[in-house]
Structure formats: structure tokens, C-alpha cells
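> Compact mmCIF, C-alpha atoms, file coords.txt:
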```txt
# COMPACT_ATOMS: atom_id res chain seq x y z
CA MET A 1 0.48 -23.77 -4.57
CA GLY A 2 0.31 -21.34 -7.48
CA VAL A 3 2.37 -18.23 -7.78
CA ARG A 4 1.47 -14.99 -9.46
CA PRO A 5 4.01 -12.46 -10.82
CA LEU A 6 3.63 -8.87 -9.65
CA ALA A 7 2.07 -6.37 -12.03
CA MET A 8 4.43 -5.11 -14.73
CA ARG A 9 4.35 -1.83 -16.54
CA LYS A 10 3.08 -1.96 -20.12
CA ILE A 11 5.20 -0.47 -22.89
CA SER A 12 3.24 1.29 -25.61
CA ALA A 13 4.34 1.38 -29.26
CA VAL A 14 4.23 4.64 -31.23
CA LEU A 15 2.88 4.55 -34.81
CA PHE A 16 3.91 7.25 -37.26
CA ILE A 17 1.74 7.82 -40.36
CA VAL A 18 3.36 9.60 -43.30
CA ALA A 19 0.99 11.21 -45.82
CA THR A 20 1.95 12.52 -49.26
CA ALA A 21 -0.03 14.36 -51.91
CA CYS A 22 0.43 14.51 -55.66
CA GLY A 23 -1.00 16.65 -58.46
CA ASN A 24 -1.55 16.25 -62.25
CA ASP A 25 -1.23 19.02 -64.87
CA SER A 26 -0.45 17.93 -68.48
CA THR A 27 0.45 21.47 -69.58
CA VAL A 28 3.21 22.14 -67.11
CA SER A 29 6.36 20.47 -65.96
CA PRO A 30 6.10 17.33 -63.84
CA ASP A 31 4.75 17.65 -60.37
CA ALA A 32 6.98 19.44 -57.97
CA ALA A 33 8.51 17.43 -55.19
CA PRO A 34 6.07 17.11 -52.31
CA GLN A 35 6.69 19.46 -49.46
CA PRO A 36 7.43 17.86 -46.11
CA ASP A 37 4.61 17.81 -43.65
CA GLY A 38 4.57 20.45 -40.95
CA PRO A 39 5.42 19.58 -37.39
CA PRO A 40 2.94 17.21 -35.77
CA ASP A 41 0.32 18.59 -33.46
CA ALA A 42 1.33 18.77 -29.82
CA ALA A 43 0.36 15.76 -27.76
CA PRO A 44 -2.80 16.31 -25.73
CA ASP A 45 -2.31 17.10 -22.09
CA ALA A 46 -2.17 13.94 -19.98
CA PHE A 47 -5.14 13.42 -17.69
CA VAL A 48 -4.19 14.12 -14.09
CA ARG A 49 -6.51 12.68 -11.47
CA LEU A 50 -6.97 14.95 -8.47
CA PRO A 51 -7.21 13.33 -5.03
CA ASP A 52 -10.70 12.90 -3.59
CA PHE A 53 -11.11 14.90 -0.37
CA SER A 54 -14.90 14.56 -0.13
CA CYS A 55 -14.73 12.71 3.21
CA MET A 56 -12.74 15.43 4.97
CA GLY A 57 -14.75 16.77 7.90
CA ASN A 58 -17.08 13.77 8.08
CA SER A 59 -18.19 12.76 11.58
CA ALA A 60 -16.83 9.56 13.09
CA PRO A 61 -19.22 6.60 12.93
CA ALA A 62 -21.21 6.16 16.15
CA THR A 63 -22.80 2.71 15.75
CA ALA A 64 -22.07 -0.65 14.12
CA PRO A 65 -23.98 -3.89 13.50
CA ALA A 66 -24.10 -6.40 16.35
CA ASP A 67 -21.50 -8.47 14.49
CA VAL A 68 -18.95 -7.15 12.02
CA THR A 69 -17.43 -9.59 9.52
CA ILE A 70 -13.81 -8.89 8.62
CA THR A 71 -12.48 -10.66 5.55
CA GLY A 72 -9.22 -11.06 3.73
CA GLY A 73 -9.97 -12.56 0.36
CA GLY A 74 -11.79 -12.15 -2.91
CA ALA A 75 -10.21 -10.51 -5.94
CA PRO A 76 -6.54 -9.75 -5.29
CA ALA A 77 -5.43 -6.12 -5.14
CA GLN A 78 -2.51 -5.39 -7.49
CA MET A 79 -1.84 -9.10 -7.96
CA LEU A 80 -1.41 -9.74 -4.23
CA TYR A 81 -3.12 -12.43 -2.17
CA ALA A 82 -5.19 -11.77 0.96
CA THR A 83 -2.14 -12.83 2.98
CA THR A 84 0.99 -12.41 0.87
CA ASP A 85 4.66 -13.21 1.09
CA LEU A 86 7.23 -12.15 -1.51
CA GLN A 87 9.89 -14.44 -2.93
CA TYR A 88 12.97 -13.01 -4.62
CA THR A 89 14.70 -14.96 -7.39
CA PRO A 90 17.96 -13.32 -8.47
CA PRO A 91 18.61 -11.20 -10.33
CA THR A 92 15.28 -9.41 -10.86
CA THR A 93 12.25 -11.62 -10.28
CA ILE A 94 9.91 -10.91 -7.37
CA THR A 95 6.92 -13.22 -6.99
CA ALA A 96 3.88 -12.91 -4.74
CA VAL A 97 2.89 -16.15 -3.02
CA PRO A 98 -0.01 -16.83 -0.63
CA VAL A 99 0.78 -17.58 3.00
CA GLU A 100 -1.06 -20.71 4.15
CA ASN A 101 -1.83 -21.58 7.78
CA ALA A 102 -0.94 -18.16 9.18
CA LYS A 103 -2.95 -17.14 12.24
CA ILE A 104 -5.00 -13.96 11.80
CA ALA A 105 -6.59 -12.43 14.92
CA GLY A 106 -8.62 -9.31 15.62
CA PHE A 107 -8.40 -7.13 18.73
CA ARG A 108 -10.06 -4.02 20.07
CA THR A 109 -7.53 -1.45 21.24
CA GLY A 110 -7.00 -1.68 24.99
CA THR A 111 -8.07 -5.33 25.29
CA ALA A 112 -5.72 -8.28 25.50
CA ALA A 113 -8.23 -10.96 24.49
CA GLN A 114 -8.61 -11.65 20.79
CA GLN A 115 -12.11 -10.94 19.48
CA GLY A 116 -11.95 -13.18 16.42
CA THR A 117 -9.50 -15.52 14.72
CA ASP A 118 -8.97 -17.70 11.67
CA ASN A 119 -6.13 -19.52 9.90
CA THR A 120 -5.38 -18.69 6.27
CA ASN A 121 -6.21 -21.26 3.61
CA ALA A 122 -4.11 -22.33 0.62
CA THR A 123 -4.78 -19.04 -1.19
CA GLY A 124 -4.16 -16.88 1.88
CA ASP A 125 -7.85 -16.10 2.47
CA TRP A 126 -9.43 -15.79 5.92
CA SER A 127 -12.54 -14.42 7.63
CA PHE A 128 -14.04 -13.98 11.10
CA MET A 129 -16.61 -11.92 13.00
CA MET A 130 -16.01 -9.44 15.80
CA ALA A 131 -18.65 -8.14 18.19
CA GLY A 132 -19.86 -4.76 17.01
CA VAL A 133 -22.60 -2.42 18.34
CA THR A 134 -19.96 0.29 18.66
CA PRO A 135 -17.39 0.81 15.87
CA ILE A 136 -14.33 -1.40 16.20
CA ASP A 137 -11.28 0.71 17.00
CA GLY A 138 -8.65 -2.00 16.90
CA TYR A 139 -6.15 -3.93 14.84
CA LEU A 140 -5.36 -7.28 13.23
CA THR A 141 -2.33 -9.47 13.83
CA ALA A 142 -0.80 -12.01 11.46
CA THR A 143 1.75 -14.54 12.69
CA LYS A 144 3.54 -17.58 11.32
CA THR A 145 6.81 -19.26 12.24
CA GLY A 146 9.67 -17.96 10.10
CA HIS A 147 7.85 -14.71 9.28
CA ARG A 148 8.12 -11.25 10.78
CA ASN A 149 5.21 -10.43 13.11
CA TYR A 150 2.65 -8.19 11.46
CA ARG A 151 -0.05 -5.77 12.63
CA PHE A 152 -2.64 -3.92 10.57
CA TYR A 153 -4.45 -0.84 11.87
CA PRO A 154 -7.44 0.31 9.77
CA PRO A 155 -7.32 4.05 9.05
CA SER A 156 -10.61 4.53 10.97
CA PRO A 157 -12.86 2.39 13.22
CA LEU A 158 -14.78 -0.36 11.44
CA ALA A 159 -18.55 0.25 11.43
CA MET A 160 -19.61 -2.30 8.79
CA ASP A 161 -18.54 -5.59 7.22
CA THR A 162 -15.10 -4.97 5.72
CA THR A 163 -12.66 -6.59 3.34
CA VAL A 164 -9.20 -5.44 4.35
CA PRO A 165 -6.20 -4.85 2.05
CA PRO A 166 -3.67 -7.66 1.56
CA LEU A 167 -1.62 -8.43 4.67
CA LEU A 168 2.06 -8.44 3.70
CA LEU A 169 3.40 -11.17 5.98
CA LEU A 170 7.03 -11.26 4.89
CA ASN A 171 9.32 -14.13 5.75
CA ASN A 172 12.42 -13.15 7.69
CA GLU A 173 14.75 -13.52 4.72
CA THR A 174 12.65 -11.27 2.49
CA PHE A 175 12.35 -8.64 5.23
CA ASN A 176 16.12 -8.62 5.73
CA LEU A 177 16.61 -8.15 1.98
CA LEU A 178 14.20 -5.22 2.08
CA VAL A 179 16.21 -3.61 4.88
CA GLN A 180 19.44 -4.06 2.90
CA PHE A 181 17.87 -2.64 -0.26
CA SER A 182 16.55 0.41 1.63
CA GLN A 183 20.00 1.09 3.11
CA LYS A 184 18.38 1.96 6.46
CA ASP A 185 19.25 0.69 9.93
CA GLN A 186 16.91 -1.79 11.63
CA GLU A 187 17.76 -2.87 15.17
CA ALA A 188 16.30 -6.08 16.56
CA GLY A 189 14.66 -4.28 19.49
CA ASN A 190 12.85 -1.76 17.27
CA GLY A 191 9.87 -2.01 14.95
CA THR A 192 8.92 -0.94 11.46
CA VAL A 193 5.97 1.11 10.21
CA GLY A 194 4.33 0.55 6.84
CA LEU A 195 2.28 3.59 5.79
CA ALA A 196 -0.04 4.21 2.83
CA VAL A 197 -1.41 7.68 2.05
CA LEU A 198 -4.89 7.41 0.49
CA ASP A 199 -7.68 9.76 -0.55
CA CYS A 200 -11.38 9.31 0.24
CA ALA A 201 -11.75 6.84 -2.67
CA ASN A 202 -8.85 4.79 -1.25
CA MET A 203 -6.61 5.79 -4.14
CA PRO A 204 -2.94 6.58 -3.41
CA ILE A 205 -1.87 10.19 -3.02
CA THR A 206 1.48 11.13 -4.53
CA GLY A 207 3.58 13.90 -3.04
CA ALA A 208 2.20 13.98 0.51
CA MET A 209 4.35 14.93 3.48
CA ILE A 210 4.14 12.13 6.05
CA SER A 211 4.59 12.25 9.81
CA VAL A 212 5.40 9.33 12.12
CA LYS A 213 5.89 10.76 15.58
CA GLN A 214 6.40 9.57 19.16
CA GLY A 215 6.04 12.42 21.60
CA GLY A 216 8.19 15.17 20.15
CA THR A 217 10.38 12.87 18.04
CA GLU A 218 9.73 12.69 14.31
CA TYR A 219 10.78 9.48 12.54
CA ALA A 220 9.62 10.43 9.06
CA ASP A 221 13.06 11.62 8.02
CA ASP A 222 15.82 10.55 5.65
CA ALA A 223 17.41 8.28 8.26
CA HIS A 224 14.26 6.16 8.59
CA VAL A 225 11.94 6.53 5.57
CA TYR A 226 12.11 4.40 2.44
CA SER A 227 9.63 5.51 -0.23
CA LEU A 228 8.19 2.87 -2.54
CA ASP A 229 6.91 5.44 -5.04
CA GLN A 230 8.76 3.66 -7.85
CA PHE A 231 6.65 0.57 -7.14
CA GLN A 232 3.45 2.02 -5.66
CA ALA A 233 2.64 5.70 -5.15
CA GLY A 234 1.89 6.83 -1.63
CA LEU A 235 3.51 3.84 0.09
CA TYR A 236 6.35 4.09 2.63
CA PHE A 237 8.34 1.97 5.06
CA ILE A 238 9.71 3.70 8.17
CA PHE A 239 12.49 1.59 9.66
CA ASN A 240 14.00 1.37 13.14
CA VAL A 241 11.15 3.00 15.09
CA PRO A 242 11.33 2.37 18.87
CA PRO A 243 8.43 0.53 20.54
CA GLY A 244 5.65 2.82 21.74
CA VAL A 245 2.45 4.62 20.84
CA THR A 246 3.04 6.37 17.51
CA THR A 247 0.93 9.04 15.81
CA VAL A 248 0.75 8.85 12.01
CA THR A 249 -0.61 11.50 9.65
CA ALA A 250 0.21 13.36 6.44
CA THR A 251 -0.38 16.69 4.74
CA TYR A 252 -1.07 17.38 1.08
CA ASN A 253 -1.12 20.86 -0.44
CA GLY A 254 -1.54 22.34 3.02
CA MET A 255 -4.45 20.03 3.93
CA ALA A 256 -3.97 17.84 7.01
CA LEU A 257 -5.15 14.24 6.74
CA ARG A 258 -6.74 12.54 9.76
CA ALA A 259 -4.16 11.55 12.39
CA HIS A 260 -4.47 8.38 14.47
CA ASP A 261 -2.36 6.29 16.82
CA ILE A 262 -0.83 2.88 16.28
CA ALA A 263 1.46 0.75 18.46
CA VAL A 264 5.00 -0.03 17.34
CA LEU A 265 6.48 -3.24 18.79
CA ALA A 266 9.92 -4.82 18.62
CA ALA A 267 10.50 -7.13 15.64
CA THR A 268 7.05 -6.29 14.24
CA THR A 269 5.83 -4.47 11.14
CA SER A 270 2.87 -2.24 12.04
CA THR A 271 1.00 -1.04 8.95
CA THR A 272 -1.80 1.46 8.46
CA ALA A 273 -3.14 4.10 6.10
CA VAL A 274 -3.96 7.76 6.56
CA ARG A 275 -6.94 9.33 4.79
CA PRO A 276 -8.51 12.80 4.77
CA GLY A 277 -11.35 11.74 7.10
CA PHE A 278 -13.85 9.06 8.05
```
Let me see the file written as C-alpha cells.

Amino acid sequence: MGVRPLAMRKISAVLFIVATACGNDSTVSPDAAPQPDGPPDAAPDAFVRLPDFSCMGNSAPATAPADVTITGGGAPAQMLYATTDLQYTPPTTITAVPVENAKIAGFRTGTAAQQGTDNTNATGDWSFMMAGVTPIDGYLTATKTGHRNYRFYPPSPLAMDTTVPPLLLLNNETFNLLVQFSQKDQEAGNGTVGLAVLDCANMPITGAMISVKQGGTEYADDAHVYSLDQFQAGLYFIFNVPPGVTTVTATYNGMALRAHDIAVLAATTSTTAVRPGF
């Protein structure tokens, strides 16, 4: 089974060009020493991409095809597989590896019976259909022995065939290392939330204020949140969240992104994204 190193930052080289000028006048003394060049021009302003909020205020989808195909596969996002585990090799190497023979299942919220299922292949890919007609407000589960249970909640109901982001099905050892690295508490009876903050083009938003709340209790605080901004902008882990219905949202420059509910379960990582709208 092949492995693929995570994306690395590129280091750019800087090239300095020194120009000199000389003159020629046979009737005067030799050319004067060249004057040093003036200070270089200021670097151009760096391009700053503004988040896309064009979907804010859109109406929720009302219909869906009779069958909706949900797929994990195709071109990897950021060097991850459709179903990915991470292996750590001391002191600094982290490698993404596909998870084979994990069970992926799809559910509509409020129903106990799975609506579709498949096992991952050697490259972590999978695919199945769920009955549509109305948009699918539900979630996916990913399970495999030796790995932490995983749930994925789409940021809005699925109303068309969809390829979902990579499912990060971490083995227990890797998850425990992540907890240690974050320096947060994680009790066995509590769950973990993985949260991405995205704009309408599904690009990460940097600098948003997140909220992960159960009733009147906010868990998006220093005791629970570990930001992965140094690895991926707009991505957070919220550790040690008690089981229960949990409302996730975020604000950016005073604009509230669409809130929705997920379920947090013991010994499970529940992941989702928040976006400005449908």
C-alpha cells in the first residue's frame, strides 16, 4: 500500500540584480566611481483573497433526485486519501495512508437504519447511493477496529450527487498523540468535534470566531479548542465535549455563518463544516 507525504511549504529564493553604468570622456579625468543604486522599489502588495459570501441568504434546497450518490474518492484533497489515517515517524515525519476495509455508512438524521454502506478499497475510496426525493439531512459514519469512531455531518442537506471531503479515520495511537500535542483534556466518556470554517466556494476562512454550544454552555474556549491554523487555516479540534446535540456556527467580521446541529458521542470524533449559507 503506497504512502504519500503531506504537502510541504515551498521556500522561494530571492535573486538580486546589481546594475552599474560607466561613461567615456577622453578630455577629462577617468570616470568617476559609479554611484550606488537607490533603494529598491517597495515590494508590491500581496494579493489577499476575500472570502466568498455569495451564498448567504440562499434558500434551503427543497427537492433531490430519487437516488443521491455519495462518494469518497477521486483526486485527493491536500494530499489526503478519501479515507485517511496519519502515521507519525519520530521526530518530524507525518505520513497520510489510506484506510482499507473500513465500513462507511450513511444515515438520515432521526433514523436508526443505515441508508447506504460500502467498505473502503485499498486506496480508501468508497461509494454508495441513498434514497433522495427530499434533501438528505444526515451524516456518515466510518468505523474500523483499532480506530476512533468517526462521524461526518455535511454543512447542509445533500440535494445532488456529492463527493465528500476526506474522512480522517485516525487510529487510536495517532488520536492519543494529537490529544497530547494539543495539551487539552479528553475524557473517555466524552467526544471530540472537528470543525472547518469555509466560505461559499468551500475555501477556508481565517480569523473567524467559532461557537460549539450545548444549551447555554459554550465549548469553543481555550480549555477545549485546538486551532490547526499553522497546518490548515480555518480548521479546529474541540476536545472533551460531552455527548449530546451540539450547535456549531461561526462569525466573521460581524457576519453570522449558518448554524446547524450535530450529535457528539462518547469516544467519537464528529466533524462538520460551517458555511455562510446553502
> In Å, how far is it from CA of Val197 (chain A) to CA of Thr272 (chain A)?
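Separation of CA of Val197 (chain A) and CA of Thr272 (chain A): 8.9 Å.
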> Fewer than 6 positions away in the same chain doesn't count, so skip those; otherwise give me all residues within 7 Å of Leu265 (chain A), counting only C-alpha atoms, as a PyMOL selection string.
chain A and resi 190-191+243-244
> Env of Asn240 (chain A): 10 Å cut, atoms = all atoms listed in the file, seq-sep filter 2 positions within chain, self excluded. Answer as a list of chain:residue names.
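What passes the distance filter is A:Val179, A:Lys184, A:Asp185, A:Gln186, A:Glu187, A:Ala188, A:Gly189, A:Asn190, A:Gly191, A:Thr192, A:Val193, A:Tyr219, A:Ala223, A:His224, A:Val225, A:Phe237, A:Ile238, A:Pro242, A:Pro243, A:Ala266, A:Ala267.
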> Can you work out the spacing between CA of Thr249 (chain A) and CA of Ala196 (chain A) in Å, to one decimal?
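Computing the Euclidean distance for CA of Thr249 (chain A) and CA of Ala196 (chain A) yields 10.0 Å.
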> Can you work out which one of A:Pro204, A:Thr92, A:Arg148, A:Gln232 has the shortest atom-to-atom distance to Glu173 (chain A), counting only C-alpha atoms?
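Under the stated criterion, the closest residue is A:Arg148.
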> How far is it from CA of Ala259 (chain A) to CA of Arg275 (chain A), in Å with one decimal?
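One can read the CA of Ala259 (chain A) to CA of Arg275 (chain A) distance as 8.4 Å.
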> With distances taken over all atoms listed in the file, which of A:Met129, A:Ala250, A:Ala273, A:Leu178 is nearest to Gly194 (chain A)?
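Answer, going by the shortest atom-to-atom distance: A:Ala273.
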